[in-house]
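Q: The following block contains the structure, expressed as C-alpha cells.
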Amino acid sequence: MADSEAEGARANGLAAWPTVTWGACGIFDENLKIIRAFKGRSQAHIGGRSITYGGSNLTCGSDAWGYRHIVKRHLSQWESRAAIAQENWRDTADYGIHWALSDPDKITYRASNDTFCYSRKILLVDNRTNEVVGSYYPMVSVARVSHRIITAYPSGTQC
Amino acid sequence: MLNSDSTPDLARDLISRGGKVLDHIAVNAHEARALVQVSSEATPVEFVIDLQGLERFIESVHDNVRDVFPDVDSIEGGLRLASEHLWEEIGSAEAMVVAVGVDRQGQTWRRTEPAPPPSAPPAGDYRWAADREGFDSP
C-alpha cells in the first residue's frame, strides 16, 4: 500500500483530516492496488441492507471504476474545484471523499446496484473575509459487499 | 460471452435501475428507450441504450467487474456498473439533464439543457472547508 500520511491537517478548524499522498497507478499496476485507504466510513442501514463502520479503499481499478475511472471521467471536474483553492486535484478530491465517507450529510442505498451513495456539503471560504462564497457536494459510490469505491465526483446536489 | 438475444432484456433491466419508468420501455433492433423519473424532485430523464453498445460495455468489464461485485456474475456486475455510470452522468452535470444513454461504443453520454454561465468566484484566496458551523452562508 502506498498511503503516506503527512504531518498536519488543513487549517480550517478540523483536525481529523490527515493530508495523505495518493499512491501512483502505472499502466502495469494491478487493478486492486490500493492508492488510498479511507478509514472511518460511516455505517448505514437502509432498505434492509447494511454497510458496517469501517474503511473503503480507492484502488487503481479500471476505466469503469476506481481511480482510473475517476481520472478518465471526472478529472476536469475535480481540477476546476482544485484550481479555485490553488490545490492539487488529488488533495481536493481526497478532502471531499474523506468527509463524505466519514461524516456524510446524506447516504442513500441503490438496491438494484447494491451500492451506497455518500455525499457531504463542502464550503468554499474566502480566507480574507472568512465568508462562505460557494459550495459543492462530493458524491462517493461504494459497493456494499466489497466496500470498494466505484467512483467519486463533485456534484451540485446531494445523493 | 453475451447472448445477443438477451440484450434487449438487459437494456430493459438497465433502464429500470434508473428509477420509475413512465409509460413503457420501447425496444427496436438497435436500442431501448424510455422516460424515467429518477427522483421525486427532478424532471424525467430519457434513457437511450444502444444494444450493441451495452454488449460492448458488459464484455469490456467482464474480466474485472467481480473485483467490485464479487457476489454476482459478470453480466449482473456489468449492468450495475453501467447503471452507476448513468447515475454519474446525471449527478455530475452542471445543467439539467434531459437524456442519458449508452452509445454504440459502450460509452455513457448525457444531453443537458443549456448550461448556466460559470459561477466561479473571482480570483482570490480561498479554501474548501467541511465545517458545519462558524460561517455565514451565501
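Following the order of the C-alpha cells, chains are lettered A, B, ..., residues in each are numbered from 1, and ligands are numbered from 1.
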Using only C-alpha atoms, determine which residues of chain A fall within 6 Å of chain B; present them as a ChimeraX atom specification.
A: /A:85,112-113,122-127,131-133,146,155
Q: If you count only C-alpha atoms, which residues fall within 9 Å of region 52-64 of chain A, apart from same-chain ones fewer than 3 positions away, as a PyMOL selection string?
A: (chain A and resi 24-26+29-45+67-73+101+142+146-151) or (chain B and resi 60-61+64-65+67-68+81-82+85)
Q: Which residues, written as a list in words, have at least one atom at most 12 Å from Asn88 (chain A), with only C-alpha atoms counted and residues fewer than 3 positions away on the same chain left out?
A: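 Contacts, in chain order: Thr19, Val20, Thr21, Trp22, Leu75, Ser76, Trp78, Glu79, Ser80, Arg81, Ala82, Ala83, Ile84, Ala85, Asp91, Thr92, Ala93, Asp94 and Tyr95 of chain A.
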Q: Those same residues, written as a compact mmCIF listing (two decimals), in the first residue's frame with N, CA, C and O atoms?
A:
```
# COMPACT_ATOMS: atom_id res chain seq x y z
N THR A 19 -3.57 14.92 5.80
CA THR A 19 -3.20 15.09 4.40
C THR A 19 -2.47 13.83 3.96
O THR A 19 -1.47 13.45 4.55
N VAL A 20 -2.99 13.21 2.95
CA VAL A 20 -2.47 11.92 2.50
C VAL A 20 -2.09 12.01 1.03
O VAL A 20 -2.87 12.52 0.22
N THR A 21 -0.91 11.54 0.73
CA THR A 21 -0.49 11.49 -0.66
C THR A 21 -0.95 10.18 -1.28
O THR A 21 -0.66 9.11 -0.76
N TRP A 22 -1.71 10.28 -2.36
CA TRP A 22 -2.21 9.07 -3.01
C TRP A 22 -1.06 8.32 -3.68
O TRP A 22 -0.12 8.93 -4.22
N LEU A 75 -11.72 13.98 -13.98
CA LEU A 75 -10.53 14.77 -13.68
C LEU A 75 -10.78 16.27 -13.85
O LEU A 75 -10.43 17.07 -12.98
N SER A 76 -11.37 16.66 -14.95
CA SER A 76 -11.55 18.10 -15.19
C SER A 76 -12.48 18.73 -14.16
O SER A 76 -12.30 19.89 -13.77
N TRP A 78 -12.80 17.75 -10.97
CA TRP A 78 -12.02 17.93 -9.74
C TRP A 78 -11.00 19.05 -9.91
O TRP A 78 -10.75 19.84 -8.99
N GLU A 79 -10.39 19.09 -11.09
CA GLU A 79 -9.37 20.13 -11.32
C GLU A 79 -9.96 21.54 -11.23
O GLU A 79 -9.30 22.46 -10.73
N SER A 80 -11.18 21.72 -11.70
CA SER A 80 -11.76 23.06 -11.65
C SER A 80 -12.02 23.48 -10.21
O SER A 80 -11.83 24.64 -9.85
N ARG A 81 -12.45 22.52 -9.36
CA ARG A 81 -12.61 22.86 -7.93
C ARG A 81 -11.24 23.13 -7.30
O ARG A 81 -11.09 24.05 -6.49
N ALA A 82 -10.26 22.32 -7.64
CA ALA A 82 -8.94 22.48 -7.05
C ALA A 82 -8.32 23.83 -7.42
O ALA A 82 -7.68 24.49 -6.60
N ALA A 83 -8.54 24.24 -8.66
CA ALA A 83 -7.93 25.50 -9.12
C ALA A 83 -8.43 26.69 -8.32
O ALA A 83 -7.67 27.64 -8.07
N ILE A 84 -9.67 26.66 -7.91
CA ILE A 84 -10.22 27.79 -7.15
C ILE A 84 -9.44 27.99 -5.86
O ILE A 84 -9.18 29.12 -5.44
N ALA A 85 -9.05 26.89 -5.22
CA ALA A 85 -8.31 26.99 -3.96
C ALA A 85 -6.81 26.78 -4.17
O ALA A 85 -6.08 26.62 -3.19
N ASP A 91 -5.68 16.41 -3.77
CA ASP A 91 -5.94 16.90 -2.40
C ASP A 91 -7.40 17.33 -2.25
O ASP A 91 -8.03 17.06 -1.22
N THR A 92 -7.91 18.02 -3.26
CA THR A 92 -9.31 18.44 -3.21
C THR A 92 -10.23 17.23 -3.19
O THR A 92 -11.18 17.17 -2.39
N ALA A 93 -9.95 16.26 -4.04
CA ALA A 93 -10.78 15.06 -4.08
C ALA A 93 -10.66 14.28 -2.78
O ALA A 93 -11.67 13.79 -2.24
N ASP A 94 -9.44 14.17 -2.27
CA ASP A 94 -9.22 13.42 -1.03
C ASP A 94 -10.03 14.03 0.12
O ASP A 94 -10.67 13.32 0.90
N TYR A 95 -9.98 15.34 0.21
CA TYR A 95 -10.71 16.04 1.27
C TYR A 95 -12.22 15.79 1.15
O TYR A 95 -12.89 15.47 2.13
```
Q: May I have all residues of region 29-78 of chain A that DSSP, computed from the backbone, assigns to strand (DSSP E), given as JSON, numbers by chain?
A: {"A": [34, 35, 36, 37, 38, 39, 40, 41, 44, 45, 46, 49, 50, 51, 54, 55, 56, 57, 58, 59]}
Q: Using all heavy atoms, can you export the residues from the last selection as a short mmCIF file (atom, residue, chain, number, x, y, z; two decimals), in the first residue's frame?
A:
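Okay, this is what ended up in part.cif:
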```cif
data_model
loop_
_atom_site.label_atom_id
_atom_site.label_comp_id
_atom_site.auth_asym_id
_atom_site.auth_seq_id
_atom_site.Cartn_x
_atom_site.Cartn_y
_atom_site.Cartn_z
N ILE A 34 -4.00 -0.64 -3.88
CA ILE A 34 -4.65 0.41 -3.08
C ILE A 34 -3.81 1.68 -3.16
O ILE A 34 -2.62 1.66 -2.86
CB ILE A 34 -4.80 -0.04 -1.62
CG1 ILE A 34 -5.70 -1.28 -1.54
CG2 ILE A 34 -5.38 1.09 -0.77
CD1 ILE A 34 -5.71 -1.93 -0.16
N ILE A 35 -4.46 2.77 -3.55
CA ILE A 35 -3.74 4.04 -3.58
C ILE A 35 -4.16 4.96 -2.44
O ILE A 35 -3.49 5.92 -2.12
CB ILE A 35 -3.89 4.76 -4.92
CG1 ILE A 35 -5.33 5.18 -5.17
CG2 ILE A 35 -3.38 3.89 -6.05
CD1 ILE A 35 -5.44 6.23 -6.25
N ARG A 36 -5.29 4.65 -1.81
CA ARG A 36 -5.72 5.44 -0.65
C ARG A 36 -6.73 4.61 0.13
O ARG A 36 -7.74 4.16 -0.44
CB ARG A 36 -6.35 6.76 -1.10
CG ARG A 36 -7.03 7.56 0.01
CD ARG A 36 -6.03 8.15 0.99
NE ARG A 36 -6.60 9.30 1.68
CZ ARG A 36 -7.04 9.26 2.94
NH1 ARG A 36 -6.99 8.14 3.64
NH2 ARG A 36 -7.52 10.37 3.49
N ALA A 37 -6.46 4.41 1.40
CA ALA A 37 -7.39 3.70 2.27
C ALA A 37 -8.12 4.74 3.12
O ALA A 37 -7.51 5.37 3.97
CB ALA A 37 -6.65 2.70 3.15
N PHE A 38 -9.39 4.90 2.86
CA PHE A 38 -10.18 5.85 3.65
C PHE A 38 -10.72 5.10 4.87
O PHE A 38 -11.45 4.13 4.72
CB PHE A 38 -11.33 6.42 2.82
CG PHE A 38 -10.88 7.36 1.75
CD1 PHE A 38 -10.67 6.92 0.46
CD2 PHE A 38 -10.64 8.70 2.04
CE1 PHE A 38 -10.23 7.79 -0.53
CE2 PHE A 38 -10.20 9.58 1.07
CZ PHE A 38 -10.00 9.12 -0.23
N LYS A 39 -10.35 5.60 6.03
CA LYS A 39 -10.78 4.95 7.27
C LYS A 39 -11.98 5.68 7.85
O LYS A 39 -12.18 6.85 7.58
CB LYS A 39 -9.62 4.92 8.26
CG LYS A 39 -8.43 4.12 7.73
CD LYS A 39 -7.17 4.40 8.50
CE LYS A 39 -5.98 3.66 7.86
NZ LYS A 39 -4.69 4.17 8.32
N GLY A 40 -12.74 4.98 8.67
CA GLY A 40 -13.83 5.63 9.38
C GLY A 40 -15.05 5.92 8.53
O GLY A 40 -15.78 6.87 8.79
N ARG A 41 -15.30 5.09 7.50
CA ARG A 41 -16.51 5.28 6.72
C ARG A 41 -17.75 5.03 7.59
O ARG A 41 -17.81 4.06 8.34
CB ARG A 41 -16.52 4.30 5.55
CG ARG A 41 -17.70 4.52 4.57
CD ARG A 41 -18.01 3.27 3.76
NE ARG A 41 -18.39 2.17 4.60
CZ ARG A 41 -17.66 1.10 4.79
NH1 ARG A 41 -16.52 0.94 4.16
NH2 ARG A 41 -18.06 0.14 5.61
N ALA A 44 -24.28 2.43 7.71
CA ALA A 44 -25.62 2.79 7.26
C ALA A 44 -26.48 1.54 7.24
O ALA A 44 -25.98 0.42 7.03
CB ALA A 44 -25.56 3.40 5.87
N HIS A 45 -27.77 1.74 7.48
CA HIS A 45 -28.74 0.64 7.39
C HIS A 45 -29.96 1.21 6.68
O HIS A 45 -30.72 1.97 7.26
CB HIS A 45 -29.10 0.10 8.77
CG HIS A 45 -30.02 -1.08 8.69
ND1 HIS A 45 -29.56 -2.35 8.41
CD2 HIS A 45 -31.35 -1.18 8.84
CE1 HIS A 45 -30.59 -3.19 8.39
NE2 HIS A 45 -31.69 -2.50 8.64
N ILE A 46 -30.09 0.87 5.42
CA ILE A 46 -31.16 1.45 4.60
C ILE A 46 -31.78 0.33 3.79
O ILE A 46 -31.08 -0.48 3.18
CB ILE A 46 -30.60 2.53 3.64
CG1 ILE A 46 -29.84 3.61 4.42
CG2 ILE A 46 -31.74 3.15 2.82
CD1 ILE A 46 -29.08 4.57 3.53
N ARG A 49 -30.63 -3.25 4.08
CA ARG A 49 -29.22 -3.57 3.79
C ARG A 49 -28.32 -2.68 4.64
O ARG A 49 -28.61 -1.51 4.86
CB ARG A 49 -28.90 -3.34 2.31
CG ARG A 49 -29.55 -4.34 1.40
CD ARG A 49 -28.98 -5.74 1.60
NE ARG A 49 -29.38 -6.66 0.55
CZ ARG A 49 -28.97 -7.91 0.48
NH1 ARG A 49 -28.16 -8.40 1.40
NH2 ARG A 49 -29.37 -8.68 -0.51
N SER A 50 -27.21 -3.26 5.07
CA SER A 50 -26.30 -2.53 5.94
C SER A 50 -24.90 -2.48 5.36
O SER A 50 -24.48 -3.38 4.64
CB SER A 50 -26.23 -3.20 7.32
OG SER A 50 -27.49 -3.20 7.94
N ILE A 51 -24.22 -1.41 5.70
CA ILE A 51 -22.79 -1.34 5.46
C ILE A 51 -22.20 -0.92 6.80
O ILE A 51 -22.64 0.06 7.41
CB ILE A 51 -22.42 -0.39 4.30
CG1 ILE A 51 -20.94 -0.53 3.95
CG2 ILE A 51 -22.80 1.05 4.59
CD1 ILE A 51 -20.57 0.08 2.59
N GLY A 54 -16.31 1.23 8.97
CA GLY A 54 -15.03 0.64 8.59
C GLY A 54 -14.30 1.48 7.57
O GLY A 54 -14.37 2.71 7.61
N GLY A 55 -13.66 0.83 6.65
CA GLY A 55 -12.88 1.55 5.66
C GLY A 55 -13.33 1.24 4.25
O GLY A 55 -14.00 0.24 4.01
N SER A 56 -12.98 2.14 3.35
CA SER A 56 -13.20 1.90 1.93
C SER A 56 -11.92 2.26 1.19
O SER A 56 -11.35 3.32 1.41
CB SER A 56 -14.35 2.74 1.39
OG SER A 56 -15.57 2.08 1.57
N ASN A 57 -11.51 1.35 0.32
CA ASN A 57 -10.27 1.58 -0.41
C ASN A 57 -10.53 2.16 -1.79
O ASN A 57 -11.46 1.76 -2.48
CB ASN A 57 -9.51 0.27 -0.58
CG ASN A 57 -8.99 -0.27 0.75
OD1 ASN A 57 -8.72 0.50 1.67
ND2 ASN A 57 -8.85 -1.57 0.85
N LEU A 58 -9.70 3.13 -2.15
CA LEU A 58 -9.64 3.58 -3.53
C LEU A 58 -8.49 2.82 -4.17
O LEU A 58 -7.34 2.96 -3.75
CB LEU A 58 -9.41 5.09 -3.62
CG LEU A 58 -9.32 5.66 -5.04
CD1 LEU A 58 -10.62 5.44 -5.80
CD2 LEU A 58 -8.97 7.14 -5.00
N THR A 59 -8.82 1.97 -5.13
CA THR A 59 -7.79 1.19 -5.81
C THR A 59 -7.63 1.69 -7.25
O THR A 59 -8.43 2.50 -7.72
CB THR A 59 -8.15 -0.31 -5.83
OG1 THR A 59 -9.34 -0.49 -6.60
CG2 THR A 59 -8.39 -0.83 -4.42
#
```
Q: Could you please determine the separation between CA of Asp114 (chain A) and CA of Leu86 (chain B) in Å, to one decimal place?
A: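 Computing it gives 15.1 Å between the two atoms.
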Q: If I take CA of Thr157 (chain A) and CA of Asp50 (chain B), how far is one from the other in Å, to one decimal?
A: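 The value is 28.1 Å.
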Q: Using DSSP on the backbone, list every residue of chain A that comes out as helix (DSSP H, G or I), and give them as JSON, numbers by chain.
A: {"A": [66, 67, 68, 69, 70, 71, 72, 73, 74, 75, 76, 77, 78, 79, 80, 81, 82, 83, 84, 89, 90, 91, 92, 93, 94, 95, 96, 97, 98, 99, 100, 101, 102]}
Q: What lies within 10 Å of Ile15 (chain B) using only C-alpha atoms, ignoring chain neighbours under 4 positions off, as a list in words?
A: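 Listing them by chain and then by number gives Asp9, Leu10, Ala11, Gly19, Lys20, Val21, Ile25, Ala32, Arg33, Ala34, Leu35, Val36, Glu46, Phe47, Val48, Ile49, Leu79, Ala82, Ser83, Leu86 and Gly101 of chain B.
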Q: Could you save the residues just selected, with N, CA, C and O atoms, as a PDB file, in the first residue's frame?
A:
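File produced: out-v2.pdb:
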```pdb
ATOM      1  N   ASP B   9     -33.473  -7.538 -23.126  1.00  0.00           N
ATOM      2  CA  ASP B   9     -33.905  -7.676 -21.730  1.00  0.00           C
ATOM      3  C   ASP B   9     -32.912  -7.000 -20.781  1.00  0.00           C
ATOM      4  O   ASP B   9     -33.305  -6.397 -19.778  1.00  0.00           O
ATOM      5  N   LEU B  10     -31.623  -7.101 -21.100  1.00  0.00           N
ATOM      6  CA  LEU B  10     -30.623  -6.432 -20.271  1.00  0.00           C
ATOM      7  C   LEU B  10     -30.795  -4.913 -20.338  1.00  0.00           C
ATOM      8  O   LEU B  10     -30.643  -4.213 -19.332  1.00  0.00           O
ATOM      9  N   ALA B  11     -31.106  -4.421 -21.525  1.00  0.00           N
ATOM     10  CA  ALA B  11     -31.319  -2.977 -21.681  1.00  0.00           C
ATOM     11  C   ALA B  11     -32.534  -2.522 -20.895  1.00  0.00           C
ATOM     12  O   ALA B  11     -32.519  -1.464 -20.253  1.00  0.00           O
ATOM     13  N   GLY B  19     -34.805   4.353 -12.161  1.00  0.00           N
ATOM     14  CA  GLY B  19     -35.920   4.949 -11.428  1.00  0.00           C
ATOM     15  C   GLY B  19     -37.237   4.394 -11.922  1.00  0.00           C
ATOM     16  O   GLY B  19     -37.306   3.287 -12.466  1.00  0.00           O
ATOM     17  N   LYS B  20     -38.294   5.191 -11.767  1.00  0.00           N
ATOM     18  CA  LYS B  20     -39.629   4.753 -12.158  1.00  0.00           C
ATOM     19  C   LYS B  20     -39.845   5.016 -13.646  1.00  0.00           C
ATOM     20  O   LYS B  20     -39.797   6.166 -14.097  1.00  0.00           O
ATOM     21  N   VAL B  21     -40.068   3.951 -14.383  1.00  0.00           N
ATOM     22  CA  VAL B  21     -40.295   4.087 -15.821  1.00  0.00           C
ATOM     23  C   VAL B  21     -41.693   4.639 -16.064  1.00  0.00           C
ATOM     24  O   VAL B  21     -42.684   4.076 -15.576  1.00  0.00           O
ATOM     25  N   ILE B  25     -41.076   0.861 -21.806  1.00  0.00           N
ATOM     26  CA  ILE B  25     -39.758   0.850 -22.435  1.00  0.00           C
ATOM     27  C   ILE B  25     -39.917   0.386 -23.875  1.00  0.00           C
ATOM     28  O   ILE B  25     -40.375  -0.733 -24.129  1.00  0.00           O
ATOM     29  N   ALA B  32     -32.992   0.624 -26.872  1.00  0.00           N
ATOM     30  CA  ALA B  32     -34.143   0.663 -25.958  1.00  0.00           C
ATOM     31  C   ALA B  32     -34.211   2.060 -25.393  1.00  0.00           C
ATOM     32  O   ALA B  32     -33.175   2.670 -25.097  1.00  0.00           O
ATOM     33  N   ARG B  33     -35.413   2.583 -25.254  1.00  0.00           N
ATOM     34  CA  ARG B  33     -35.543   3.927 -24.688  1.00  0.00           C
ATOM     35  C   ARG B  33     -36.818   4.056 -23.881  1.00  0.00           C
ATOM     36  O   ARG B  33     -37.806   3.381 -24.135  1.00  0.00           O
ATOM     37  N   ALA B  34     -36.743   4.943 -22.885  1.00  0.00           N
ATOM     38  CA  ALA B  34     -37.901   5.184 -22.018  1.00  0.00           C
ATOM     39  C   ALA B  34     -37.671   6.464 -21.249  1.00  0.00           C
ATOM     40  O   ALA B  34     -36.534   6.895 -21.031  1.00  0.00           O
ATOM     41  N   LEU B  35     -38.776   7.055 -20.832  1.00  0.00           N
ATOM     42  CA  LEU B  35     -38.721   8.222 -19.968  1.00  0.00           C
ATOM     43  C   LEU B  35     -38.756   7.718 -18.523  1.00  0.00           C
ATOM     44  O   LEU B  35     -39.614   6.903 -18.166  1.00  0.00           O
ATOM     45  N   VAL B  36     -37.822   8.213 -17.717  1.00  0.00           N
ATOM     46  CA  VAL B  36     -37.666   7.682 -16.360  1.00  0.00           C
ATOM     47  C   VAL B  36     -37.695   8.817 -15.341  1.00  0.00           C
ATOM     48  O   VAL B  36     -37.018   9.840 -15.513  1.00  0.00           O
ATOM     49  N   GLU B  46     -34.835  11.009 -20.255  1.00  0.00           N
ATOM     50  CA  GLU B  46     -34.960   9.954 -21.259  1.00  0.00           C
ATOM     51  C   GLU B  46     -33.707   9.075 -21.235  1.00  0.00           C
ATOM     52  O   GLU B  46     -32.581   9.583 -21.284  1.00  0.00           O
ATOM     53  N   PHE B  47     -33.894   7.784 -21.132  1.00  0.00           N
ATOM     54  CA  PHE B  47     -32.791   6.825 -21.183  1.00  0.00           C
ATOM     55  C   PHE B  47     -32.784   6.192 -22.573  1.00  0.00           C
ATOM     56  O   PHE B  47     -33.827   5.711 -23.042  1.00  0.00           O
ATOM     57  N   VAL B  48     -31.612   6.190 -23.206  1.00  0.00           N
ATOM     58  CA  VAL B  48     -31.467   5.616 -24.547  1.00  0.00           C
ATOM     59  C   VAL B  48     -30.276   4.663 -24.531  1.00  0.00           C
ATOM     60  O   VAL B  48     -29.124   5.100 -24.388  1.00  0.00           O
ATOM     61  N   ILE B  49     -30.549   3.391 -24.661  1.00  0.00           N
ATOM     62  CA  ILE B  49     -29.498   2.376 -24.543  1.00  0.00           C
ATOM     63  C   ILE B  49     -29.281   1.696 -25.894  1.00  0.00           C
ATOM     64  O   ILE B  49     -30.178   0.995 -26.390  1.00  0.00           O
ATOM     65  N   LEU B  79     -24.070  -4.725 -15.557  1.00  0.00           N
ATOM     66  CA  LEU B  79     -25.278  -3.890 -15.505  1.00  0.00           C
ATOM     67  C   LEU B  79     -25.195  -2.896 -14.349  1.00  0.00           C
ATOM     68  O   LEU B  79     -25.583  -1.733 -14.482  1.00  0.00           O
ATOM     69  N   ALA B  82     -22.792  -0.156 -15.377  1.00  0.00           N
ATOM     70  CA  ALA B  82     -23.418   0.712 -16.378  1.00  0.00           C
ATOM     71  C   ALA B  82     -24.437   1.636 -15.724  1.00  0.00           C
ATOM     72  O   ALA B  82     -24.520   2.836 -16.038  1.00  0.00           O
ATOM     73  N   SER B  83     -25.200   1.089 -14.791  1.00  0.00           N
ATOM     74  CA  SER B  83     -26.191   1.900 -14.092  1.00  0.00           C
ATOM     75  C   SER B  83     -25.529   2.981 -13.258  1.00  0.00           C
ATOM     76  O   SER B  83     -25.979   4.144 -13.245  1.00  0.00           O
ATOM     77  N   LEU B  86     -24.542   5.772 -15.497  1.00  0.00           N
ATOM     78  CA  LEU B  86     -25.665   6.630 -15.890  1.00  0.00           C
ATOM     79  C   LEU B  86     -26.045   7.573 -14.749  1.00  0.00           C
ATOM     80  O   LEU B  86     -26.355   8.749 -14.976  1.00  0.00           O
ATOM     81  N   GLY B 101     -27.553   7.989 -21.827  1.00  0.00           N
ATOM     82  CA  GLY B 101     -27.586   6.733 -22.550  1.00  0.00           C
ATOM     83  C   GLY B 101     -26.240   6.064 -22.668  1.00  0.00           C
ATOM     84  O   GLY B 101     -25.235   6.530 -22.125  1.00  0.00           O
TER      85      GLY B 101
END
```
Q: Report as number ranges by chain all protein, DNA and RNA residues lying within 10 Å of Gly47 (chain A), evaluated on only C-alpha atoms, omitting residues in the same chain fewer than 5 positions from it.
A: A: 108-111
Q: One number please: CA of Asp105 (chain A) to CA of Arg120 (chain A), in Å, one decimal.
A: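 The value is 4.7 Å.
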Q: Counting only C-alpha atoms, what is within 7 Å of Tyr153 (chain A), bar same-chain residues fewer than 3 positions away, as a ChimeraX atom specification?
A: /A:74,138-140 /B:92
Q: Ranking A:Gln86, A:Pro154, A:Arg144, A:Trp65 by minimum distance to Thr115 (chain A) and counting only C-alpha atoms, which one comes first?
A: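 For Thr115 (chain A), the nearest of the given residues is A:Arg144.
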